[in-house]
$ cat structure.txt   # compact mmCIF, C-alpha atoms
# COMPACT_ATOMS: atom_id res chain seq x y z
CA MET A 1 -8.43 -6.77 12.71
CA THR A 2 -7.14 -6.63 9.14
CA ARG A 3 -3.37 -6.90 9.03
CA PRO A 4 -1.48 -3.94 7.51
CA GLY A 5 -1.01 -4.38 3.80
CA SER A 6 -3.63 -7.14 3.49
CA ALA A 7 -6.48 -4.96 2.13
CA LEU A 8 -5.21 -5.24 -1.45
CA VAL A 9 -5.43 -9.02 -1.14
CA HIS A 10 -9.11 -8.70 -0.19
CA VAL A 11 -9.82 -6.38 -3.13
CA ALA A 12 -8.11 -8.80 -5.54
CA ALA A 13 -10.14 -11.70 -4.17
CA LEU A 14 -13.37 -9.70 -4.50
CA VAL A 15 -12.60 -8.86 -8.14
CA ARG A 16 -11.80 -12.52 -8.83
CA ARG A 17 -15.13 -13.61 -7.35
CA LEU A 18 -16.95 -10.95 -9.37
CA ALA A 19 -15.36 -12.28 -12.57
CA VAL A 20 -16.49 -15.82 -11.78
CA LEU A 21 -20.04 -14.79 -10.86
CA LEU A 22 -20.47 -12.53 -13.90
CA GLY A 23 -19.03 -15.27 -16.12
CA ALA A 24 -21.75 -17.57 -14.81
CA GLY A 25 -24.41 -15.13 -16.04
CA ILE A 26 -25.30 -13.59 -12.68
CA ALA A 27 -26.53 -9.99 -12.78
CA PRO A 28 -23.99 -7.37 -11.64
CA ALA A 29 -26.01 -6.22 -8.62
CA VAL A 30 -26.42 -9.79 -7.40
CA ALA A 31 -22.77 -10.55 -8.10
CA TRP A 32 -21.64 -7.61 -6.01
CA ARG A 33 -23.99 -8.55 -3.19
CA ASN A 34 -22.50 -12.05 -3.01
CA ALA A 35 -18.85 -11.23 -3.76
CA GLY A 36 -18.14 -9.26 -0.59
CA ARG A 37 -16.42 -11.09 2.23
CA GLY A 38 -15.05 -10.01 5.59
CA PRO A 39 -13.84 -6.40 5.69
CA LEU A 40 -15.20 -5.66 2.18
CA GLU A 41 -18.74 -6.89 2.78
CA GLU A 42 -20.04 -3.39 3.48
CA ALA A 43 -18.22 -1.95 0.46
CA ALA A 44 -19.64 -4.61 -1.87
CA ALA A 45 -23.14 -4.10 -0.47
CA SER A 46 -22.98 -0.36 -1.18
CA VAL A 47 -21.97 -0.98 -4.81
CA ALA A 48 -24.68 -3.66 -5.13
CA ALA A 49 -27.32 -1.20 -3.94
CA SER A 50 -26.12 1.41 -6.42
CA ALA A 51 -26.04 -1.12 -9.28
CA ALA A 52 -29.57 -2.26 -8.46
CA ARG A 53 -30.86 1.33 -8.62
CA SER A 54 -28.94 2.31 -11.76
CA PRO A 55 -26.45 0.01 -13.53
CA ALA A 56 -24.80 3.05 -15.12
CA SER A 57 -23.83 4.35 -11.68
CA THR A 58 -21.76 1.27 -10.81
CA PRO A 59 -18.34 2.74 -11.82
CA SER A 60 -18.95 5.86 -9.75
CA ALA A 61 -20.00 3.74 -6.76
CA ILE A 62 -16.79 1.71 -7.08
CA ALA A 63 -14.64 4.82 -7.39
CA ALA A 64 -16.25 6.25 -4.24
CA LEU A 65 -14.72 3.38 -2.25
CA ALA A 66 -11.25 4.78 -2.93
CA GLY A 67 -11.93 7.64 -0.55
CA SER A 68 -13.89 5.75 2.09
CA PRO A 69 -12.30 6.20 5.52
CA GLY A 70 -12.21 3.12 7.72
CA ARG A 71 -11.90 0.70 4.82
CA ARG A 72 -8.15 1.06 4.50
CA GLY A 73 -5.18 1.73 6.74
CA PRO A 74 -2.78 4.66 6.40
CA ARG A 75 0.03 2.58 4.91
CA GLU A 76 -2.38 0.90 2.46
CA ALA A 77 -4.27 4.00 1.40
CA VAL A 78 -2.61 4.73 -1.93
CA GLY A 79 -2.47 1.12 -3.15
CA VAL A 80 -6.09 0.30 -2.28
CA ALA A 81 -7.30 3.62 -3.65
CA ALA A 82 -5.50 2.85 -6.93
CA ALA A 83 -7.14 -0.59 -6.99
CA TRP A 84 -10.67 0.79 -6.58
CA ALA A 85 -10.03 3.54 -9.13
CA GLY A 86 -8.64 1.04 -11.63
CA LEU A 87 -11.59 -1.27 -11.09
CA ALA A 88 -14.03 1.60 -11.64
CA ALA A 89 -12.30 2.58 -14.88
CA THR A 90 -12.15 -1.05 -16.06
CA TRP A 91 -15.86 -1.55 -15.36
CA GLU A 92 -16.81 1.65 -17.19
CA VAL A 93 -14.65 0.98 -20.25
CA ALA A 94 -15.76 -2.65 -20.58
CA THR A 95 -19.43 -1.73 -20.25
CA ALA A 96 -19.22 1.18 -22.70
CA ALA A 97 -17.26 -0.81 -25.29
CA GLY A 98 -19.37 -3.94 -24.97
CA ALA A 99 -16.33 -5.96 -23.91
CA PRO A 100 -16.75 -9.17 -21.87
CA LEU A 101 -16.92 -7.86 -18.32
CA ALA A 102 -15.97 -11.16 -16.69
CA GLY A 103 -12.80 -11.51 -18.75
CA SER A 104 -11.84 -7.89 -18.13
CA LEU A 105 -12.24 -8.31 -14.37
CA ARG A 106 -10.32 -11.58 -14.40
CA ALA A 107 -7.37 -9.83 -16.03
CA PHE A 108 -7.61 -6.96 -13.54
CA ALA A 109 -7.68 -9.43 -10.63
CA GLU A 110 -4.37 -10.84 -11.86
CA VAL A 111 -2.93 -7.31 -11.85
CA LEU A 112 -3.98 -6.75 -8.23
CA GLU A 113 -2.72 -10.16 -7.14
CA GLY A 114 0.71 -9.31 -8.54
CA PHE A 115 0.89 -6.11 -6.53
CA ALA A 116 -0.44 -7.84 -3.42
CA SER A 117 2.38 -10.37 -3.73
CA ALA A 118 4.91 -7.54 -4.05
CA GLU A 119 3.48 -5.88 -0.92
CA ARG A 120 3.95 -9.12 1.01
CA ASP A 121 7.59 -9.23 -0.10
CA VAL A 122 8.08 -5.63 1.00
CA ARG A 123 6.62 -6.34 4.45
CA VAL A 124 8.86 -9.37 4.86
CA ALA A 125 11.96 -7.40 3.85
CA LEU A 126 11.17 -4.63 6.34
CA SER A 127 10.03 -6.82 9.24
CA GLY A 128 13.55 -7.45 10.56
CA PRO A 129 14.61 -3.79 10.95
CA ARG A 130 11.23 -2.88 12.41
CA ALA A 131 11.45 -5.68 14.97
CA THR A 132 14.96 -4.56 15.92
CA GLN A 133 13.77 -0.99 16.48
CA ARG A 134 10.90 -2.17 18.68
CA LEU A 135 13.30 -4.28 20.75
CA VAL A 136 15.63 -1.33 21.30
CA LEU A 137 12.69 0.78 22.49
CA VAL A 138 12.16 -1.49 25.51
CA LEU A 139 15.84 -1.66 26.45
CA PRO A 140 15.74 1.48 28.65
CA VAL A 141 13.00 -0.14 30.76
CA ILE A 142 15.10 -3.28 31.03
CA ALA A 143 18.15 -1.23 32.04
CA ILE A 144 16.18 0.60 34.75
CA GLY A 145 14.74 -2.68 36.02
CA PHE A 146 18.21 -4.25 36.07
CA GLY A 147 19.48 -1.30 38.07
CA ALA A 148 16.66 -1.74 40.56
CA LEU A 149 17.67 -5.38 41.03
CA LEU A 150 21.18 -4.15 41.83
CA GLY A 151 19.79 -1.71 44.38
CA GLN A 152 20.26 1.38 42.21
CA ASP A 153 17.53 3.99 41.85
CA ALA A 154 18.08 4.71 38.15
CA PHE A 155 14.44 5.75 37.74
CA GLY A 156 14.72 8.28 40.55
CA THR A 157 17.84 9.67 38.95
CA LEU A 158 16.06 9.89 35.60
CA VAL A 159 13.00 11.79 36.81
CA GLY A 160 14.36 13.57 39.86
CA THR A 161 17.62 15.19 38.82
CA PRO A 162 18.67 17.79 36.25
CA LEU A 163 20.88 15.18 34.61
CA GLY A 164 17.94 12.81 34.36
CA TRP A 165 15.68 15.44 32.81
CA THR A 166 18.42 16.31 30.34
CA CYS A 167 18.67 12.64 29.41
CA LEU A 168 14.89 12.41 29.00
CA VAL A 169 14.75 15.43 26.71
CA LEU A 170 17.73 14.23 24.69
CA GLY A 171 16.40 10.68 24.41
CA GLY A 172 12.91 11.87 23.47
CA GLY A 173 14.31 14.19 20.80
CA LEU A 174 16.42 11.41 19.34
CA MET A 175 13.44 9.01 19.26
CA LEU A 176 11.28 11.65 17.56
CA ALA A 177 14.00 12.19 14.98
CA ALA A 178 14.27 8.43 14.42
CA TRP A 179 10.48 8.16 13.97
CA ALA A 180 10.39 11.00 11.41
CA TRP A 181 13.44 9.65 9.58
CA THR A 182 12.03 6.13 9.43
CA ARG A 183 8.60 7.33 8.32
CA ARG A 184 10.13 9.33 5.50
CA MET A 185 12.21 6.35 4.36
CA LEU A 186 9.26 3.98 4.47
CA GLY A 187 7.23 6.35 2.32
CA GLY A 188 9.39 5.32 -0.63
CA ALA A 189 8.36 1.68 -0.24
CA GLY A 190 4.65 2.35 -0.54
CA PRO A 191 2.45 1.09 -3.36
CA PRO A 192 2.06 3.16 -6.55
CA ALA A 193 -0.49 5.94 -6.74
CA VAL A 194 -1.65 4.66 -10.14
CA ILE A 195 -1.43 1.10 -11.39
CA PRO A 196 1.38 0.93 -13.99
CA GLY A 197 0.21 -0.01 -17.46
CA LEU A 198 -3.38 0.98 -16.67
CA VAL A 199 -3.88 2.95 -19.90
CA GLU A 200 -2.61 0.06 -22.04
CA GLU A 201 -4.76 -2.44 -20.11
CA LEU A 202 -7.90 -0.32 -20.43
CA THR A 203 -7.28 0.26 -24.14
CA ALA A 204 -6.97 -3.50 -24.64
CA VAL A 205 -10.24 -3.99 -22.76
CA ALA A 206 -12.00 -1.44 -24.96
CA MET A 207 -10.66 -2.97 -28.19
CA SER A 208 -11.76 -6.43 -27.08
CA GLY A 209 -15.29 -5.06 -27.43
CA GLY A 210 -14.70 -4.44 -31.13
CA VAL A 211 -14.63 -0.64 -31.08
CA SER A 212 -12.30 1.42 -33.25
CA VAL A 213 -8.95 2.71 -32.02
CA SER A 214 -10.19 6.28 -31.76
CA ARG A 215 -13.32 5.18 -29.90
CA ALA A 216 -11.24 3.03 -27.53
CA LYS A 217 -8.90 5.92 -26.77
CA GLY A 218 -11.85 8.20 -26.11
CA LEU A 219 -13.48 5.76 -23.71
CA VAL A 220 -10.23 5.23 -21.82
CA ALA A 221 -9.51 8.95 -21.56
CA ALA A 222 -13.02 9.64 -20.24
CA ALA A 223 -12.89 6.83 -17.67
CA ILE A 224 -9.46 7.91 -16.41
CA ALA A 225 -10.53 11.54 -16.14
CA ARG A 226 -13.56 10.54 -14.07
CA HIS A 227 -12.08 7.95 -11.74
CA VAL A 228 -8.26 7.90 -11.61
CA THR A 229 -6.24 10.41 -9.56
CA PRO A 230 -3.56 11.35 -10.38
CA PRO A 231 -4.39 10.58 -14.02
CA PRO A 232 -1.75 8.68 -16.00
CA ASP A 233 -0.62 9.82 -19.43
CA PRO A 234 -3.64 9.17 -21.71
CA GLU A 235 -1.28 8.77 -24.68
CA ALA A 236 0.74 5.99 -23.07
CA ALA A 237 -0.72 3.41 -25.45
CA ASP A 238 -0.17 5.43 -28.65
CA ALA A 239 3.24 3.96 -29.51
CA THR A 240 1.94 0.42 -29.11
CA LEU A 241 -1.12 1.16 -31.24
CA GLU A 242 1.11 2.63 -33.95
CA LEU A 243 3.27 -0.49 -33.87
CA ALA A 244 0.19 -2.70 -34.22
CA ALA A 245 -1.07 -0.62 -37.15
CA ALA A 246 2.31 -0.71 -38.89
CA THR A 247 2.91 -4.46 -38.47
CA GLY A 248 -0.62 -5.85 -38.48
CA ALA A 249 -0.01 -7.49 -35.11
CA PRO A 250 -2.97 -7.91 -32.73
CA ALA A 251 -3.24 -4.61 -30.86
CA GLY A 252 -4.85 -6.17 -27.81
CA GLU A 253 -2.03 -8.64 -27.27
CA LEU A 254 0.63 -5.97 -27.75
CA LEU A 255 -1.13 -3.64 -25.33
CA ARG A 256 -1.45 -6.29 -22.65
CA ALA A 257 2.20 -7.26 -23.11
CA GLU A 258 3.25 -3.64 -22.61
CA ALA A 259 1.01 -3.33 -19.55
CA ALA A 260 2.43 -6.53 -18.07
CA GLU A 261 5.99 -5.31 -18.64
CA ALA A 262 5.21 -1.98 -16.92
CA ARG A 263 3.77 -3.85 -13.93
CA ARG A 264 6.74 -6.22 -13.74
CA ALA A 265 9.11 -3.25 -13.73
CA ALA A 266 7.10 -1.52 -10.98
CA VAL A 267 6.94 -4.66 -8.84
CA GLY A 268 10.66 -5.27 -9.29
CA ALA A 269 11.46 -1.68 -8.36
CA ALA A 270 9.30 -1.94 -5.22
CA ARG A 271 11.08 -5.11 -4.13
CA GLU A 272 14.47 -3.54 -4.81
CA ARG A 273 13.55 -0.48 -2.74
CA ALA A 274 12.44 -2.73 0.10
CA GLU A 275 15.74 -4.62 0.05
CA ARG A 276 17.67 -1.36 0.19
CA LEU A 277 15.47 -0.04 2.98
CA SER A 278 16.03 -3.17 5.06
CA VAL A 279 19.65 -2.01 5.26
CA LEU A 280 19.11 1.76 5.32
CA LEU A 281 16.70 1.48 8.25
CA MET A 282 19.72 0.61 10.36
CA LEU A 283 20.87 4.23 10.00
CA PRO A 284 18.20 5.79 12.27
CA LEU A 285 18.68 2.82 14.58
CA GLY A 286 22.38 3.49 14.99
CA ALA A 287 22.30 7.28 14.80
CA CYS A 288 19.21 7.97 16.94
CA VAL A 289 17.62 4.97 18.66
CA LEU A 290 20.75 3.49 20.24
CA PRO A 291 22.00 6.89 21.51
CA ALA A 292 18.52 7.47 22.94
CA PHE A 293 18.81 4.14 24.77
CA VAL A 294 22.17 5.18 26.19
CA ALA A 295 20.77 8.54 27.29
CA VAL A 296 17.65 7.16 28.95
CA GLY A 297 18.81 3.73 30.10
CA VAL A 298 22.56 3.73 30.62
CA VAL A 299 23.49 7.25 31.78
CA PRO A 300 20.96 7.39 34.67
CA LEU A 301 22.04 3.92 35.80
CA MET A 302 25.71 4.89 35.76
CA ALA A 303 24.92 8.17 37.52
CA SER A 304 23.01 6.26 40.20
CA VAL A 305 25.89 3.82 40.66
CA ILE A 306 28.45 6.61 40.92
CA GLY A 307 26.23 8.60 43.27
CA SER A 308 25.68 5.66 45.62
CA THR A 309 29.39 4.84 45.57
CA VAL A 310 30.36 8.40 46.45
CA ALA A 311 27.72 8.52 49.19
CA ALA A 312 28.98 5.25 50.66
CA ALA A 313 32.56 6.54 50.66
$ encode --input "structure.txt" --output "C-alpha cells"
Amino acid sequence: MTRPGSALVHVAALVRRLAVLLGAGIAPAVAWRNAGRGPLEEAAASVAASAARSPASTPSAIAALAGSPGRRGPREAVGVAAAWAGLAATWEVATAAGAPLAGSLRAFAEVLEGFASAERDVRVALSGPRATQRLVLVLPVIAIGFGALLGQDAFGTLVGTPLGWTCLVLGGGLMLAAWAWTRRMLGGAGPPAVIPGLVEELTAVAMSGGVSVSRAKGLVAAAIARHVTPPPDPEAADATLELAAATGAPAGELLRAEAAEARRAAVGAARERAERLSVLLMLPLGACVLPAFVAVGVVPLMASVIGSTVAAA
C-alpha cells in the first residue's frame, strides 16, 4: 500500500523519467508507456494510449488524472491534483511554443521534488502528536484490563450502569470533538491547491521556445484555463516581464527566479505551519482526549472499586 503523502514522490519520479526518455529522443507515447512504475503504471499507460491515438490530446489525458479516484489518498488529493494539472499545463505550453519538452519537464520535476520534500518534513513534524493521540486511545482498554486483574468489573460498570452509560456518551462525544478539531487543524498543513509560481514557470517555458511575450502570455492563459483549478492570477508574471523589458535582463531567468522564490516561500510556510501544529495538536489531546480517557477508563474503575468496597462492608 502506498504510504500517505508519498504519491507526490511517485509523480515527481515519473516526470523525471519522462524528461530523461524524451531527452534521449524517445517518442512521447513510448516514453509514457515506459515511465510508469508501481502505483502510477496504470496512469502512465492511459496517457500513453491517448498520446498514441492523438499527440494533441496528451495534456487533456494528463489533466484527467487529477480527478481519478483511487490514484490518490484523501490527505494527498490537493497536492497530487495540482501536480497533474501543472504537468498538463507545462506539456501543453511547451508543445505549443516549440520549447524543449525534456528540459521543461526536468524543471517541473525539480518543483515537485521540492514539495515532496516539504511534505515529508510536515509528516515528520506531526508524527509525534499523532502517535501520542493513538496511545491515549488505547489507555481506557488498558485501564479496564488492569481493573480486571485487580478483581474489579470496570467493564460491567461501564456497560451495565447509568453511570457507565453516561461515561460512554461523554467519552464518545469528547473523542468526536477531538477528531473534528484535529481534522480541522490538519487541513491547514495540506499541500497547496495550485503550485506557487506556476504562471511564471509556464511563461518561462513558453519564452524558451522563442515566442513573443504576448504569444507566451496567451499560451499560458489558455493552458491554465483548460487544466488548472482554481486558476492562479494569469497576470502574475507581468511585473517580471516589465522589469526584463526595462532592464534588458533575460526574461526567462527572471521568471524562473521569481517562481523559485514563490515556491521557497510556500515550502517554508508549510514547514512553519507544521511546526506550530505539532504543538497545537496537544490542545485537543488535553482538552478532549485525556478527559475522555478519564470518563471511560478511570471513572468506571473507581466506581467499581468503591462499589465492591461498600458491598464488602
$ residues_around --input "structure.txt" --residues "Ala48 in chain A" --least-positions-apart "3" --cutoff "8 Å" --atoms "all atoms listed in the file" --output "PyMOL selection string"
chain A and resi 28-33+44-45+51-52
$ residues_around --input "structure.txt" --residues "Val199 in chain A" --least-positions-apart "2" --cutoff "10 Å" --atoms "all atoms listed in the file" --output "ChimeraX atom specification"
/A:86,89-90,195-197,201-205,217,220-221,224,231-238,255-256,259
$ closest_residue --input "structure.txt" --among "A:Ala66, A:Leu241, A:Ala13, A:Ala270" --to "Leu254 in chain A" --atoms "all atoms listed in the file"
A:Leu241
$ closest_residue --input "structure.txt" --among "A:Val298, A:Ala94, A:Leu158, A:Leu101" --to "Leu22 in chain A" --atoms "only C-alpha atoms"
A:Leu101
$ closest_residue --input "structure.txt" --among "A:Ala116, A:Leu65, A:Ala24, A:Ala97" --to "Ala7 in chain A" --atoms "all atoms listed in the file"
A:Ala116
$ atom_distance --input "structure.txt" --atom1 "CA of Pro39 in chain A" --atom2 "CA of His10 in chain A"
7.9 Å
$ atom_distance --input "structure.txt" --atom1 "CA of Gly79 in chain A" --atom2 "CA of Pro230 in chain A"
12.6 Å
$ closest_residue --input "structure.txt" --among "A:Arg215, A:Glu41, A:Gly248, A:Val111" --to "Val93 in chain A" --atoms "only C-alpha atoms"
A:Arg215
$ closest_residue --input "structure.txt" --among "A:Ala118, A:Leu105, A:Ile142, A:Val159" --to "Ser304 in chain A" --atoms "all atoms listed in the file"
A:Val159
$ closest_residue --input "structure.txt" --among "A:Ala287, A:Val267, A:Gly297, A:Ala223" --to "Val122 in chain A" --atoms "only C-alpha atoms"
A:Val267
$ build_atoms --input "structure.txt" --residues "range 81-96 of chain A" --atoms "N, CA and C atoms" --output "mmCIF file, in the coordinates of the input"
data_model
loop_
_atom_site.group_PDB
_atom_site.id
_atom_site.type_symbol
_atom_site.label_atom_id
_atom_site.label_comp_id
_atom_site.auth_asym_id
_atom_site.auth_seq_id
_atom_site.Cartn_x
_atom_site.Cartn_y
_atom_site.Cartn_z
ATOM 1 N N ALA A 81 -6.601 2.599 -2.873
ATOM 2 C CA ALA A 81 -7.300 3.620 -3.650
ATOM 3 C C ALA A 81 -7.055 3.428 -5.138
ATOM 4 N N ALA A 82 -5.812 3.106 -5.517
ATOM 5 C CA ALA A 82 -5.500 2.850 -6.930
ATOM 6 C C ALA A 82 -6.256 1.629 -7.443
ATOM 7 N N ALA A 83 -6.418 0.620 -6.578
ATOM 8 C CA ALA A 83 -7.140 -0.590 -6.990
ATOM 9 C C ALA A 83 -8.610 -0.286 -7.271
ATOM 10 N N TRP A 84 -9.259 0.437 -6.352
ATOM 11 C CA TRP A 84 -10.670 0.790 -6.580
ATOM 12 C C TRP A 84 -10.838 1.672 -7.805
ATOM 13 N N ALA A 85 -9.933 2.654 -7.963
ATOM 14 C CA ALA A 85 -10.030 3.540 -9.130
ATOM 15 C C ALA A 85 -9.840 2.764 -10.425
ATOM 16 N N GLY A 86 -8.856 1.856 -10.434
ATOM 17 C CA GLY A 86 -8.640 1.040 -11.630
ATOM 18 C C GLY A 86 -9.809 0.137 -11.933
ATOM 19 N N LEU A 87 -10.423 -0.417 -10.883
ATOM 20 C CA LEU A 87 -11.590 -1.270 -11.090
ATOM 21 C C LEU A 87 -12.760 -0.464 -11.645
ATOM 22 N N ALA A 88 -12.953 0.753 -11.129
ATOM 23 C CA ALA A 88 -14.030 1.600 -11.640
ATOM 24 C C ALA A 88 -13.825 1.917 -13.114
ATOM 25 N N ALA A 89 -12.582 2.263 -13.487
ATOM 26 C CA ALA A 89 -12.300 2.580 -14.880
ATOM 27 C C ALA A 89 -12.459 1.342 -15.770
ATOM 28 N N THR A 90 -12.005 0.186 -15.287
ATOM 29 C CA THR A 90 -12.150 -1.050 -16.060
ATOM 30 C C THR A 90 -13.616 -1.383 -16.291
ATOM 31 N N TRP A 91 -14.424 -1.260 -15.245
ATOM 32 C CA TRP A 91 -15.860 -1.550 -15.360
ATOM 33 C C TRP A 91 -16.512 -0.612 -16.370
ATOM 34 N N GLU A 92 -16.190 0.682 -16.290
ATOM 35 C CA GLU A 92 -16.810 1.650 -17.190
ATOM 36 C C GLU A 92 -16.408 1.406 -18.642
ATOM 37 N N VAL A 93 -15.115 1.176 -18.882
ATOM 38 C CA VAL A 93 -14.650 0.980 -20.250
ATOM 39 C C VAL A 93 -15.240 -0.297 -20.840
ATOM 40 N N ALA A 94 -15.222 -1.385 -20.070
ATOM 41 C CA ALA A 94 -15.760 -2.650 -20.580
ATOM 42 C C ALA A 94 -17.246 -2.532 -20.896
ATOM 43 N N THR A 95 -17.989 -1.873 -20.030
ATOM 44 C CA THR A 95 -19.430 -1.730 -20.250
ATOM 45 C C THR A 95 -19.708 -0.852 -21.472
ATOM 46 N N ALA A 96 -18.984 0.260 -21.579
ATOM 47 C CA ALA A 96 -19.220 1.180 -22.700
ATOM 48 C C ALA A 96 -18.806 0.581 -24.028
#
